[in-house]
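K.L.:
Please read through the structure below; I'll follow up with questions.
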Amino acid sequence: MKIAIQNGRVIDPASGLDQPTNVYVADGKIVGVGETAPGGFRAEGVLDASGCIVCPGLIDLSARLREPGFEYRATLESEMAAAAAGGVTRLVCPPDTDPPLDEPGLVEMLKHRARQPGFAHVHPMGALTIGLAGQRLTEMAELAEAGCIAFGQANHSIIDTQVLMRAMQYAATFGFSVWLQPQDAHLAKGGVAHEGAVSARLGLAGIPVIAETVALATYLQLARETGVRLHIRRLSSAAGLALIRAARADGLAVTCDVTVNHIHLCDDHIGFFDPHTRLDPPLRSAADRDALAAGLADGSIDVLCSDHTPVDDDAKQVPFAEAETGATGLELLLPLTLQWAADSGVPLPKALARITADPARIIGIDRGCIKPGVPADLCVFDPQGSVTVSRERLKSQGKNTPFLGRQLPGEVRYTLIDGHMAFSADRLL
Amino acid sequence: MIPNVQANPQLNSHGELIHLLSIEGLSREILHNILDRAEPFTAVAEREVKKVPLLRGKSVFNLFFENSTRTRTTFEIAAKRLSADVINLNINTSSAAKGESLLDTVDNLAAMQADMFVVRHASSGAPYLIAQHLAATGRDHIHVVNAGDGRHSHPTQGLLDMYTIRHYKKDFTPLTVAVVGDVLHSRVARSQLHALVTLGVPEIRLVGPRTLLPAAAAQMIPGAPLRVCNDLADGLRGADVIMMLRLQNERMNGALLPSTQEYFKSWGLTPEKLALAKPDAIVMHPGPMNRGVEIDSSVADGRQAVILPQVTFGIAVRMAVMSMLAGGAQ
């Protein structure tokens, strides 16, 4: 099908394009950008994007689909609908499924299940160790052949630093990336909230910032030693960010991301023990939150991700410390990016880079851009529109988010994946 | 910016108390109101017939997800002296974890026409979850009293401690108060601190080893006159009130403390240490005491100890709270 997307403000952070123009799509690919259609192009469908922004489909570096193993929490169908509604056309899913993504067969199955019209492209992250147990290495080469774009441990730590170093050495042998969340398992033991004035007042066991920095310092040194390509997932503290900056200044090519929750919320938002604010890593202080938001603006932090984690009500409607960690987020990635851009005074093209071109660079693919020849993965949204987050509106099976009831900027109008209309707000009318 | 505005679930829209979940957020007026209301109840215990009919026909469910004979008994006595029907439920947390969820249990008991839940739970914030659930399901005529949640709060203990201080010291505003021991894990300490701050105590010392004090101890209540003392003598010097905390068995030997002997040597309240406080200082303890660990027997049984009066006042204070919540206007 040939589609012309007309009269929108086209923003392509990768090329710096930002102007009112048209995008032409044929056979699932972008075939032209400009005032006039490529020769021989005859549109079969026209999308009027007046008043809207046309940008590359969003790329989410961390979204749990809950398959296999946790289908009572979410299914591929429910979460792919959520992705499309959120303008997300490509995502990385962490390996903490059940069983974990530590065998090529599981990865192939997931990729096969996800290969359906209107479903976002799925890039599995392979488990770095078997069962995420931190003891034996997985068959990384086989897993990469099956489609894994990086290797990591999701929320699990490798306690044995010798194993961690060997895992990095082995990954580096093949040029694979290792993506790790910095949290020292012992220092974080038993903790459920940022260790600070709020956790002291509420009587919640604390996870100190040093749990992040001790692990991070170890990872950075090991990366330097082994030469592995290291990506730090879900940074949570100003002190952690300072370590990343120092390592970069020292010549280490490390990259990192932060979640939408951690640039907008802090431990104060726990309020009266709201289980939706029980996250991993924990929401830290207001000063940490502000430092992360600023670090994302100045490029010290490469990517903003949703860290989408659907959790069923039964696992959230319990006392704070007993609640499962995580928040649903695929549908909030764009609104919370726009909110951050407005709060921090970041120009829209730069803000959108953090959820399109920058994550594509981390994955190592030539995507997240608008140019002839690439798959037509596009998001058309109304920046003047807004959404009020509600259980009814969320398409994800997970209704767990600290943003419930809040009004956020931006409204997705259309999402195209491989030129296929994966979501249209018109159909809701 | 994402604003942070959440309504305090223990107050209704008029600022009146509908549940007692924590001392945090209660005004000085409400605290004195509760203490004033407790005064006449101390006399009830002296009478031949130790009952008043304020809660006649009401059902109070003691919902204990964590074992506590003593606290449950004092709530039971308080409710019975108010003429309520009392139902005691001890729900072992481990069996609850395997089967019925906390809120399922609450729903079932609410369906039995409960008027009040007295809740003890090992998790900080559990009574909030219950109160919020009752509100969300249109049953906020059922009152929730927190009888201790994790490390967070034990508001009736905090109130009975304030009753005791007011009884012996009359005025809070000239006092120096030392809270000694395992502040980190203590819900009692957190309730005491909020109450002392609200009632205008100008100097509050948190006394203990660094492993038993929260990392941000001095900042835990914004603007409060909290001072951390890592030396017992420093903490006790010139104090008017000494509030000892119980050291739980599981914390005595391990990574927090090397041994009970060393703890007693550094932090145990002995007559010599007590002599550093004001001569008329009172010594309090929420019980049960570990004699020879946090307190020397000669102090526990000495003339400055007000530990047994605390227990007596505790019943009057719990009667005051329960009648205030469920007894209507007095």
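Quick note on naming: the chains in the structure tokens go A, B, ... in the order shown, residues restart at 1 in each chain, and ligands are numbered from 1 in order of appearance.
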Could you produce a table of the residues of chain B lying within 10 Å of chain A, with the nearest pair of atoms per residue and their separation in Å rounded to one decimal, using only C-alpha atoms, ordered by chain and increasing residue number, as CSV?
P.N.:
```
residue,atom,partner,partner_atom,distance
B:Met1,CA,A:Asp343,CA,6.2
B:Ile2,CA,A:His264,CA,6.3
B:Pro3,CA,A:His269,CA,8.6
B:Asn4,CA,A:His269,CA,5.9
B:Val5,CA,A:Gly271,CA,8.2
B:Gln6,CA,A:Gly271,CA,6.6
B:Ala7,CA,A:Phe272,CA,8.7
B:Asn8,CA,A:Phe272,CA,7.5
B:Pro9,CA,A:Phe272,CA,8.1
B:Ser22,CA,A:Leu202,CA,9.9
B:Glu24,CA,A:Arg201,CA,9.3
B:Ser101,CA,A:Val318,CA,7.9
B:Leu102,CA,A:Val318,CA,7.0
B:Leu103,CA,A:Val318,CA,7.7
B:His121,CA,A:Pro319,CA,9.4
B:Ala122,CA,A:Pro319,CA,9.5
B:Ser123,CA,A:Pro319,CA,6.2
B:Ser124,CA,A:Gly203,CA,6.2
B:Gly125,CA,A:Phe273,CA,5.8
B:Ala126,CA,A:Pro319,CA,4.9
B:Pro127,CA,A:Pro319,CA,8.5
B:Tyr128,CA,A:Phe272,CA,7.0
B:Leu129,CA,A:Pro319,CA,6.4
B:Ile130,CA,A:Pro319,CA,9.0
B:Gln132,CA,A:Phe272,CA,9.6
B:His133,CA,A:Gln317,CA,9.0
B:Asp149,CA,A:Gly203,CA,8.9
B:Gly150,CA,A:Gly203,CA,7.1
B:Arg151,CA,A:Gly203,CA,4.5
B:His152,CA,A:Gly203,CA,4.1
B:Ser153,CA,A:Gly203,CA,7.7
B:Val183,CA,A:Ala200,CA,9.5
B:Leu184,CA,A:Ala200,CA,7.5
B:His185,CA,A:Gly203,CA,7.3
B:Ser186,CA,A:Gly203,CA,8.0
B:Arg187,CA,A:Gly203,CA,7.1
B:Arg190,CA,A:Arg201,CA,7.0
B:Ser191,CA,A:Arg201,CA,9.7
B:Leu193,CA,A:Arg201,CA,9.8
B:His194,CA,A:Arg201,CA,9.4
B:Leu213,CA,A:Ala200,CA,9.1
B:Pro214,CA,A:Ala200,CA,5.7
B:Ala215,CA,A:Gly196,CA,6.4
B:Ala216,CA,A:Ala197,CA,5.1
B:Ala217,CA,A:Ala200,CA,6.6
B:Ala218,CA,A:Ala197,CA,8.3
B:Gln219,CA,A:Ala197,CA,5.5
B:Met220,CA,A:Ala197,CA,4.3
B:Ile221,CA,A:Arg201,CA,6.7
B:Pro222,CA,A:Ala197,CA,8.5
```
K.L.:
Give me the residues within 12 Å of Met252 (chain B) as a PDB file with N, CA, C and O atoms, in the first residue's frame, counting only C-alpha atoms and dropping any in the same chain fewer than 6 places off.
P.N.:
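Produced file selection_14.pdb, reproduced below:
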```
ATOM      1  N   GLY B 181      18.724   3.730  71.508  1.00  0.00           N
ATOM      2  CA  GLY B 181      18.762   2.329  71.077  1.00  0.00           C
ATOM      3  C   GLY B 181      18.557   2.146  69.590  1.00  0.00           C
ATOM      4  O   GLY B 181      19.062   2.934  68.785  1.00  0.00           O
ATOM      5  N   ASP B 182      17.788   1.115  69.247  1.00  0.00           N
ATOM      6  CA  ASP B 182      17.633   0.704  67.855  1.00  0.00           C
ATOM      7  C   ASP B 182      16.564   1.537  67.151  1.00  0.00           C
ATOM      8  O   ASP B 182      15.454   1.077  66.911  1.00  0.00           O
ATOM      9  N   THR B 211      25.088   1.755  63.313  1.00  0.00           N
ATOM     10  CA  THR B 211      24.404   0.660  62.613  1.00  0.00           C
ATOM     11  C   THR B 211      22.927   0.582  62.985  1.00  0.00           C
ATOM     12  O   THR B 211      22.159  -0.079  62.300  1.00  0.00           O
ATOM     13  N   LEU B 212      22.530   1.237  64.063  1.00  0.00           N
ATOM     14  CA  LEU B 212      21.133   1.158  64.487  1.00  0.00           C
ATOM     15  C   LEU B 212      20.393   2.494  64.344  1.00  0.00           C
ATOM     16  O   LEU B 212      19.299   2.663  64.875  1.00  0.00           O
ATOM     17  N   ARG B 246      13.508  -1.152  72.682  1.00  0.00           N
ATOM     18  CA  ARG B 246      13.810  -2.571  72.821  1.00  0.00           C
ATOM     19  C   ARG B 246      14.741  -3.008  71.690  1.00  0.00           C
ATOM     20  O   ARG B 246      14.570  -2.614  70.540  1.00  0.00           O
ATOM     21  N   PRO B 258      28.064  -6.675  67.565  1.00  0.00           N
ATOM     22  CA  PRO B 258      28.835  -7.900  67.824  1.00  0.00           C
ATOM     23  C   PRO B 258      28.234  -8.771  68.924  1.00  0.00           C
ATOM     24  O   PRO B 258      28.218  -9.984  68.807  1.00  0.00           O
ATOM     25  N   SER B 259      27.738  -8.155  70.000  1.00  0.00           N
ATOM     26  CA  SER B 259      27.228  -8.983  71.105  1.00  0.00           C
ATOM     27  C   SER B 259      26.375  -8.131  72.041  1.00  0.00           C
ATOM     28  O   SER B 259      26.478  -6.905  72.061  1.00  0.00           O
ATOM     29  N   THR B 260      25.550  -8.814  72.835  1.00  0.00           N
ATOM     30  CA  THR B 260      24.723  -8.092  73.810  1.00  0.00           C
ATOM     31  C   THR B 260      25.596  -7.499  74.913  1.00  0.00           C
ATOM     32  O   THR B 260      25.301  -6.428  75.429  1.00  0.00           O
ATOM     33  N   GLN B 261      26.685  -8.183  75.245  1.00  0.00           N
ATOM     34  CA  GLN B 261      27.576  -7.673  76.297  1.00  0.00           C
ATOM     35  C   GLN B 261      28.150  -6.320  75.891  1.00  0.00           C
ATOM     36  O   GLN B 261      28.145  -5.369  76.666  1.00  0.00           O
ATOM     37  N   GLU B 262      28.630  -6.261  74.640  1.00  0.00           N
ATOM     38  CA  GLU B 262      29.237  -5.004  74.196  1.00  0.00           C
ATOM     39  C   GLU B 262      28.162  -3.917  74.075  1.00  0.00           C
ATOM     40  O   GLU B 262      28.408  -2.750  74.360  1.00  0.00           O
ATOM     41  N   TYR B 263      26.966  -4.327  73.655  1.00  0.00           N
ATOM     42  CA  TYR B 263      25.882  -3.350  73.554  1.00  0.00           C
ATOM     43  C   TYR B 263      25.578  -2.757  74.933  1.00  0.00           C
ATOM     44  O   TYR B 263      25.454  -1.544  75.097  1.00  0.00           O
ATOM     45  N   PHE B 264      25.477  -3.636  75.910  1.00  0.00           N
ATOM     46  CA  PHE B 264      25.149  -3.159  77.259  1.00  0.00           C
ATOM     47  C   PHE B 264      26.237  -2.223  77.780  1.00  0.00           C
ATOM     48  O   PHE B 264      25.950  -1.197  78.383  1.00  0.00           O
ATOM     49  N   ASN B 290      14.622  -6.045  77.820  1.00  0.00           N
ATOM     50  CA  ASN B 290      15.728  -7.000  77.927  1.00  0.00           C
ATOM     51  C   ASN B 290      16.624  -6.491  79.044  1.00  0.00           C
ATOM     52  O   ASN B 290      17.479  -5.632  78.818  1.00  0.00           O
ATOM     53  N   VAL B 293      20.543  -5.913  78.841  1.00  0.00           N
ATOM     54  CA  VAL B 293      20.932  -5.646  77.450  1.00  0.00           C
ATOM     55  C   VAL B 293      20.812  -4.153  77.176  1.00  0.00           C
ATOM     56  O   VAL B 293      21.800  -3.471  76.971  1.00  0.00           O
ATOM     57  N   GLU B 294      19.555  -3.630  77.224  1.00  0.00           N
ATOM     58  CA  GLU B 294      19.423  -2.190  77.018  1.00  0.00           C
ATOM     59  C   GLU B 294      19.239  -1.441  78.338  1.00  0.00           C
ATOM     60  O   GLU B 294      19.390  -0.225  78.382  1.00  0.00           O
TER      61      GLU B 294
END
```
K.L.:
Could you check how far CA of Gly368 (chain A) sits from CA of Pro56 (chain A), in Å to one decimal?
P.N.:
5.3 Å
K.L.:
I need the residues in region 190-244 of chain B that are alpha helix (DSSP H) according to DSSP; give them as a list of chain:residue names.
P.N.:
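Alpha helix (DSSP H) members of region 190-244 of chain B, listed: B:Arg190, B:Ser191, B:Gln192, B:Leu193, B:His194, B:Ala195, B:Leu196, B:Val197, B:Thr198, B:Leu232, B:Ala233, B:Asp234, B:Gly235, B:Leu236.
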K.L.:
Produce a file of the selected residues containing all heavy atoms, as a tab-separated table (two decimals), in the first residue's frame.
P.N.:
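Now in part.tsv:
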```tsv
chain	number	residue	atom	x	y	z
B	190	ARG	N	9.71	6.05	65.80
B	190	ARG	CA	9.17	6.96	64.79
B	190	ARG	C	7.90	7.64	65.28
B	190	ARG	O	7.67	8.83	65.04
B	190	ARG	CB	8.91	6.20	63.48
B	190	ARG	CG	10.22	5.93	62.74
B	190	ARG	CD	10.03	5.12	61.47
B	190	ARG	NE	11.33	4.94	60.82
B	190	ARG	CZ	12.28	4.08	61.19
B	190	ARG	NH1	12.06	3.28	62.23
B	190	ARG	NH2	13.43	4.01	60.56
B	191	SER	N	7.06	6.90	66.00
B	191	SER	CA	5.84	7.52	66.54
B	191	SER	C	6.18	8.54	67.61
B	191	SER	O	5.61	9.62	67.67
B	191	SER	CB	4.92	6.44	67.10
B	191	SER	OG	4.47	5.62	66.05
B	192	GLN	N	7.12	8.18	68.47
B	192	GLN	CA	7.53	9.12	69.52
B	192	GLN	C	8.07	10.41	68.92
B	192	GLN	O	7.73	11.51	69.37
B	192	GLN	CB	8.63	8.47	70.39
B	192	GLN	CG	8.12	7.32	71.24
B	192	GLN	CD	9.26	6.52	71.86
B	192	GLN	OE1	10.40	6.57	71.37
B	192	GLN	NE2	8.97	5.79	72.93
B	193	LEU	N	8.90	10.28	67.90
B	193	LEU	CA	9.53	11.46	67.31
B	193	LEU	C	8.50	12.42	66.74
B	193	LEU	O	8.53	13.62	66.99
B	193	LEU	CB	10.54	11.06	66.23
B	193	LEU	CG	11.75	10.25	66.73
B	193	LEU	CD1	12.66	9.89	65.57
B	193	LEU	CD2	12.53	11.02	67.78
B	194	HIS	N	7.56	11.87	65.97
B	194	HIS	CA	6.53	12.74	65.40
B	194	HIS	C	5.74	13.44	66.50
B	194	HIS	O	5.43	14.63	66.41
B	194	HIS	CB	5.59	11.93	64.50
B	194	HIS	CG	6.17	11.62	63.16
B	194	HIS	ND1	6.45	12.59	62.23
B	194	HIS	CD2	6.55	10.46	62.59
B	194	HIS	CE1	6.97	12.04	61.15
B	194	HIS	NE2	7.05	10.74	61.34
B	195	ALA	N	5.40	12.69	67.55
B	195	ALA	CA	4.60	13.27	68.63
B	195	ALA	C	5.40	14.34	69.37
B	195	ALA	O	4.89	15.44	69.63
B	195	ALA	CB	4.15	12.16	69.58
B	196	LEU	N	6.64	14.04	69.68
B	196	LEU	CA	7.47	15.00	70.43
B	196	LEU	C	7.65	16.29	69.63
B	196	LEU	O	7.57	17.39	70.18
B	196	LEU	CB	8.84	14.38	70.74
B	196	LEU	CG	8.84	13.21	71.74
B	196	LEU	CD1	10.20	12.49	71.72
B	196	LEU	CD2	8.53	13.69	73.16
B	197	VAL	N	7.88	16.14	68.34
B	197	VAL	CA	8.07	17.32	67.48
B	197	VAL	C	6.79	18.15	67.45
B	197	VAL	O	6.80	19.37	67.64
B	197	VAL	CB	8.50	16.89	66.06
B	197	VAL	CG1	8.45	18.08	65.11
B	197	VAL	CG2	9.90	16.28	66.08
B	198	THR	N	5.66	17.47	67.24
B	198	THR	CA	4.38	18.19	67.14
B	198	THR	C	4.03	18.88	68.46
B	198	THR	O	3.46	19.96	68.46
B	198	THR	CB	3.27	17.20	66.73
B	198	THR	OG1	3.66	16.57	65.51
B	198	THR	CG2	1.95	17.92	66.53
B	232	LEU	N	26.52	7.54	74.46
B	232	LEU	CA	25.40	7.53	75.41
B	232	LEU	C	25.49	8.68	76.42
B	232	LEU	O	24.49	9.34	76.70
B	232	LEU	CB	25.34	6.17	76.13
B	232	LEU	CG	24.17	5.99	77.11
B	232	LEU	CD1	22.82	6.12	76.39
B	232	LEU	CD2	24.25	4.64	77.82
B	233	ALA	N	26.68	8.92	76.94
B	233	ALA	CA	26.83	9.98	77.94
B	233	ALA	C	26.43	11.33	77.35
B	233	ALA	O	25.69	12.11	77.96
B	233	ALA	CB	28.27	10.02	78.44
B	234	ASP	N	26.88	11.56	76.13
B	234	ASP	CA	26.54	12.79	75.41
B	234	ASP	C	25.02	12.90	75.24
B	234	ASP	O	24.44	13.98	75.39
B	234	ASP	CB	27.26	12.72	74.04
B	234	ASP	CG	27.05	13.97	73.23
B	234	ASP	OD1	26.87	15.04	73.83
B	234	ASP	OD2	27.08	13.87	71.98
B	235	GLY	N	24.39	11.78	74.95
B	235	GLY	CA	22.95	11.77	74.73
B	235	GLY	C	22.14	11.98	75.99
B	235	GLY	O	21.04	12.52	75.95
B	236	LEU	N	22.67	11.54	77.11
B	236	LEU	CA	21.88	11.59	78.35
B	236	LEU	C	22.08	12.88	79.15
B	236	LEU	O	21.23	13.24	79.96
B	236	LEU	CB	22.27	10.41	79.25
B	236	LEU	CG	21.93	9.01	78.72
B	236	LEU	CD1	22.35	7.97	79.74
B	236	LEU	CD2	20.44	8.88	78.41
```
K.L.:
Write out as a PyMOL selection string each polymer residue whose atoms come within 12 Å of His186 (chain A), counting only C-alpha atoms; drop sequence neighbours fewer than 2 positions from it.
P.N.:
chain A and resi 156-160+183-184+188-191+207-208+210-212+214-215
K.L.:
What's the 12 Å shell around Asn12 (chain B), counting only C-alpha atoms, without same-chain residues fewer than 6 positions away, as a list in words?
P.N.:
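Once the adjacent positions are removed, what remains is Ile18, His19, Leu20, Ala131, Ala135, Asp140, His141, His143 and Leu325 of chain B.
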K.L.:
Those residues with C-alpha atoms, as a compact mmCIF listing (two decimals), in the first residue's frame please?
P.N.:
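The resulting file, out.txt, is shown below:
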```txt
# COMPACT_ATOMS: atom_id res chain seq x y z
CA ILE B 18 -11.31 8.74 60.91
CA HIS B 19 -8.47 6.25 61.31
CA LEU B 20 -5.39 6.29 63.49
CA ALA B 131 -7.75 2.15 54.96
CA ALA B 135 -12.27 4.06 51.17
CA ASP B 140 -14.81 3.98 55.24
CA HIS B 141 -17.28 3.84 58.13
CA HIS B 143 -12.20 2.57 61.31
CA LEU B 325 -13.12 7.11 66.22
```
K.L.:
Write out as a ChimeraX atom specification all residues of region 55-217 of chain A that DSSP puts in strand (DSSP E) for this structure's backbone.
P.N.:
/A:55-56,58-60,88-93,121-127,150-152,177-180,193-194,206-207
K.L.:
Next, the residues of the selection above should be written as a PDB file, in the first residue's frame with N, CA and C atoms.
P.N.:
```pdb
ATOM      1  N   CYS A  55       7.391  11.717  13.265  1.00  0.00           N
ATOM      2  CA  CYS A  55       8.763  11.393  13.675  1.00  0.00           C
ATOM      3  C   CYS A  55       8.990   9.896  13.517  1.00  0.00           C
ATOM      4  N   PRO A  56      10.231   9.451  13.600  1.00  0.00           N
ATOM      5  CA  PRO A  56      10.466   8.005  13.546  1.00  0.00           C
ATOM      6  C   PRO A  56       9.696   7.315  14.672  1.00  0.00           C
ATOM      7  N   LEU A  58       9.014   5.270  17.895  1.00  0.00           N
ATOM      8  CA  LEU A  58       9.872   5.286  19.078  1.00  0.00           C
ATOM      9  C   LEU A  58      10.549   3.926  19.266  1.00  0.00           C
ATOM     10  N   ILE A  59      11.735   3.968  19.841  1.00  0.00           N
ATOM     11  CA  ILE A  59      12.484   2.746  20.150  1.00  0.00           C
ATOM     12  C   ILE A  59      12.675   2.701  21.659  1.00  0.00           C
ATOM     13  N   ASP A  60      12.168   1.642  22.259  1.00  0.00           N
ATOM     14  CA  ASP A  60      12.204   1.521  23.713  1.00  0.00           C
ATOM     15  C   ASP A  60      13.253   0.479  24.094  1.00  0.00           C
ATOM     16  N   VAL A  88       5.390   3.329  19.840  1.00  0.00           N
ATOM     17  CA  VAL A  88       6.633   2.552  19.926  1.00  0.00           C
ATOM     18  C   VAL A  88       6.619   1.488  18.827  1.00  0.00           C
ATOM     19  N   THR A  89       7.640   1.503  17.974  1.00  0.00           N
ATOM     20  CA  THR A  89       7.655   0.567  16.844  1.00  0.00           C
ATOM     21  C   THR A  89       8.775  -0.461  16.950  1.00  0.00           C
ATOM     22  N   ARG A  90       9.594  -0.311  17.969  1.00  0.00           N
ATOM     23  CA  ARG A  90      10.752  -1.207  18.099  1.00  0.00           C
ATOM     24  C   ARG A  90      11.125  -1.235  19.568  1.00  0.00           C
ATOM     25  N   LEU A  91      11.425  -2.412  20.075  1.00  0.00           N
ATOM     26  CA  LEU A  91      11.743  -2.464  21.498  1.00  0.00           C
ATOM     27  C   LEU A  91      12.707  -3.602  21.809  1.00  0.00           C
ATOM     28  N   VAL A  92      13.397  -3.418  22.911  1.00  0.00           N
ATOM     29  CA  VAL A  92      14.293  -4.447  23.424  1.00  0.00           C
ATOM     30  C   VAL A  92      13.619  -5.058  24.644  1.00  0.00           C
ATOM     31  N   CYS A  93      13.498  -6.401  24.654  1.00  0.00           N
ATOM     32  CA  CYS A  93      12.918  -7.003  25.851  1.00  0.00           C
ATOM     33  C   CYS A  93      14.005  -7.696  26.656  1.00  0.00           C
ATOM     34  N   HIS A 121       8.760  -4.243  16.206  1.00  0.00           N
ATOM     35  CA  HIS A 121       9.936  -5.105  16.034  1.00  0.00           C
ATOM     36  C   HIS A 121      10.501  -5.407  17.416  1.00  0.00           C
ATOM     37  N   VAL A 122      10.791  -6.686  17.640  1.00  0.00           N
ATOM     38  CA  VAL A 122      11.287  -7.081  18.957  1.00  0.00           C
ATOM     39  C   VAL A 122      12.752  -7.497  18.861  1.00  0.00           C
ATOM     40  N   HIS A 123      13.571  -6.891  19.702  1.00  0.00           N
ATOM     41  CA  HIS A 123      14.977  -7.285  19.806  1.00  0.00           C
ATOM     42  C   HIS A 123      15.190  -7.887  21.188  1.00  0.00           C
ATOM     43  N   PRO A 124      15.309  -9.190  21.280  1.00  0.00           N
ATOM     44  CA  PRO A 124      15.538  -9.771  22.602  1.00  0.00           C
ATOM     45  C   PRO A 124      16.948  -9.484  23.102  1.00  0.00           C
ATOM     46  N   MET A 125      17.028  -9.277  24.402  1.00  0.00           N
ATOM     47  CA  MET A 125      18.334  -9.214  25.057  1.00  0.00           C
ATOM     48  C   MET A 125      18.555 -10.602  25.637  1.00  0.00           C
ATOM     49  N   GLY A 126      19.688 -11.205  25.307  1.00  0.00           N
ATOM     50  CA  GLY A 126      19.942 -12.554  25.802  1.00  0.00           C
ATOM     51  C   GLY A 126      20.437 -12.532  27.240  1.00  0.00           C
ATOM     52  N   ALA A 127      20.190 -13.644  27.926  1.00  0.00           N
ATOM     53  CA  ALA A 127      20.739 -13.768  29.276  1.00  0.00           C
ATOM     54  C   ALA A 127      22.257 -13.906  29.183  1.00  0.00           C
ATOM     55  N   ALA A 150      22.095  -7.988  22.464  1.00  0.00           N
ATOM     56  CA  ALA A 150      22.979  -7.675  23.586  1.00  0.00           C
ATOM     57  C   ALA A 150      22.744  -8.728  24.654  1.00  0.00           C
ATOM     58  N   PHE A 151      23.575  -8.687  25.689  1.00  0.00           N
ATOM     59  CA  PHE A 151      23.437  -9.665  26.763  1.00  0.00           C
ATOM     60  C   PHE A 151      23.426  -8.961  28.102  1.00  0.00           C
ATOM     61  N   GLY A 152      22.559  -9.468  28.970  1.00  0.00           N
ATOM     62  CA  GLY A 152      22.453  -8.814  30.270  1.00  0.00           C
ATOM     63  C   GLY A 152      21.822  -9.729  31.287  1.00  0.00           C
ATOM     64  N   SER A 177      27.589  -6.601  22.912  1.00  0.00           N
ATOM     65  CA  SER A 177      27.410  -5.614  23.983  1.00  0.00           C
ATOM     66  C   SER A 177      26.889  -6.285  25.243  1.00  0.00           C
ATOM     67  N   VAL A 178      27.297  -5.746  26.366  1.00  0.00           N
ATOM     68  CA  VAL A 178      26.755  -6.209  27.649  1.00  0.00           C
ATOM     69  C   VAL A 178      26.017  -5.032  28.291  1.00  0.00           C
ATOM     70  N   TRP A 179      24.761  -5.300  28.649  1.00  0.00           N
ATOM     71  CA  TRP A 179      23.917  -4.254  29.244  1.00  0.00           C
ATOM     72  C   TRP A 179      23.638  -4.631  30.687  1.00  0.00           C
ATOM     73  N   LEU A 180      24.045  -3.796  31.601  1.00  0.00           N
ATOM     74  CA  LEU A 180      23.898  -4.154  33.014  1.00  0.00           C
ATOM     75  C   LEU A 180      23.234  -3.045  33.817  1.00  0.00           C
ATOM     76  N   ALA A 193      13.329   0.841  49.188  1.00  0.00           N
ATOM     77  CA  ALA A 193      13.201   2.254  48.804  1.00  0.00           C
ATOM     78  C   ALA A 193      14.564   2.924  48.958  1.00  0.00           C
ATOM     79  N   HIS A 194      14.715   4.064  48.298  1.00  0.00           N
ATOM     80  CA  HIS A 194      15.959   4.836  48.414  1.00  0.00           C
ATOM     81  C   HIS A 194      16.271   5.103  49.882  1.00  0.00           C
ATOM     82  N   GLY A 206      16.155   0.597  53.420  1.00  0.00           N
ATOM     83  CA  GLY A 206      16.749   1.440  52.391  1.00  0.00           C
ATOM     84  C   GLY A 206      17.685   0.705  51.443  1.00  0.00           C
ATOM     85  N   ILE A 207      17.729   1.210  50.204  1.00  0.00           N
ATOM     86  CA  ILE A 207      18.759   0.806  49.240  1.00  0.00           C
ATOM     87  C   ILE A 207      19.632   2.045  49.052  1.00  0.00           C
TER      88      ILE A 207
END
```
K.L.:
Identify, on the basis of only C-alpha atoms, every residue whose closest approach to Asp161 (chain B) does not exceed 9 Å; exclude the query and any residue fewer than 6 positions from it along the same chain; express the result as JSON, numbers by chain.
P.N.:
{"B": [192, 243, 284, 285, 286, 310, 313, 314]}
K.L.:
Take the residues just selected and output them with C-alpha atoms as a short mmCIF file (atom, residue, chain, number, x, y, z; two decimals), in the first residue's frame.
P.N.:
```cif
data_model
loop_
_atom_site.label_atom_id
_atom_site.label_comp_id
_atom_site.auth_asym_id
_atom_site.auth_seq_id
_atom_site.Cartn_x
_atom_site.Cartn_y
_atom_site.Cartn_z
CA GLN B 192 7.53 9.12 69.52
CA MET B 243 12.98 6.75 76.18
CA MET B 284 10.52 4.97 79.88
CA HIS B 285 10.50 1.70 77.95
CA PRO B 286 7.80 0.32 75.61
CA GLN B 310 3.06 3.55 80.85
CA PHE B 313 -1.96 4.73 80.76
CA GLY B 314 -1.83 2.70 77.56
#
```
K.L.:
Restricting the calculation to only C-alpha atoms, which member of A:Pro100, A:Gly240, A:Pro409, A:Gly57 is positioned closest to Asp12 (chain A)?
P.N.:
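Closest to Asp12 (chain A), using only C-alpha atoms: A:Gly57.
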K.L.:
Quote the spacing between CA of Glu324 (chain A) and CA of Asp280 (chain A) in Å to one decimal place.
P.N.:
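Going from CA of Glu324 (chain A) over to CA of Asp280 (chain A), I get 9.4 Å.
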K.L.:
Would you work out the distance separating CA of Gln10 (chain B) from CA of Asn146 (chain B), expressed in Å to one decimal?
P.N.:
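Result for CA of Gln10 (chain B) versus CA of Asn146 (chain B): 10.5 Å, one decimal.
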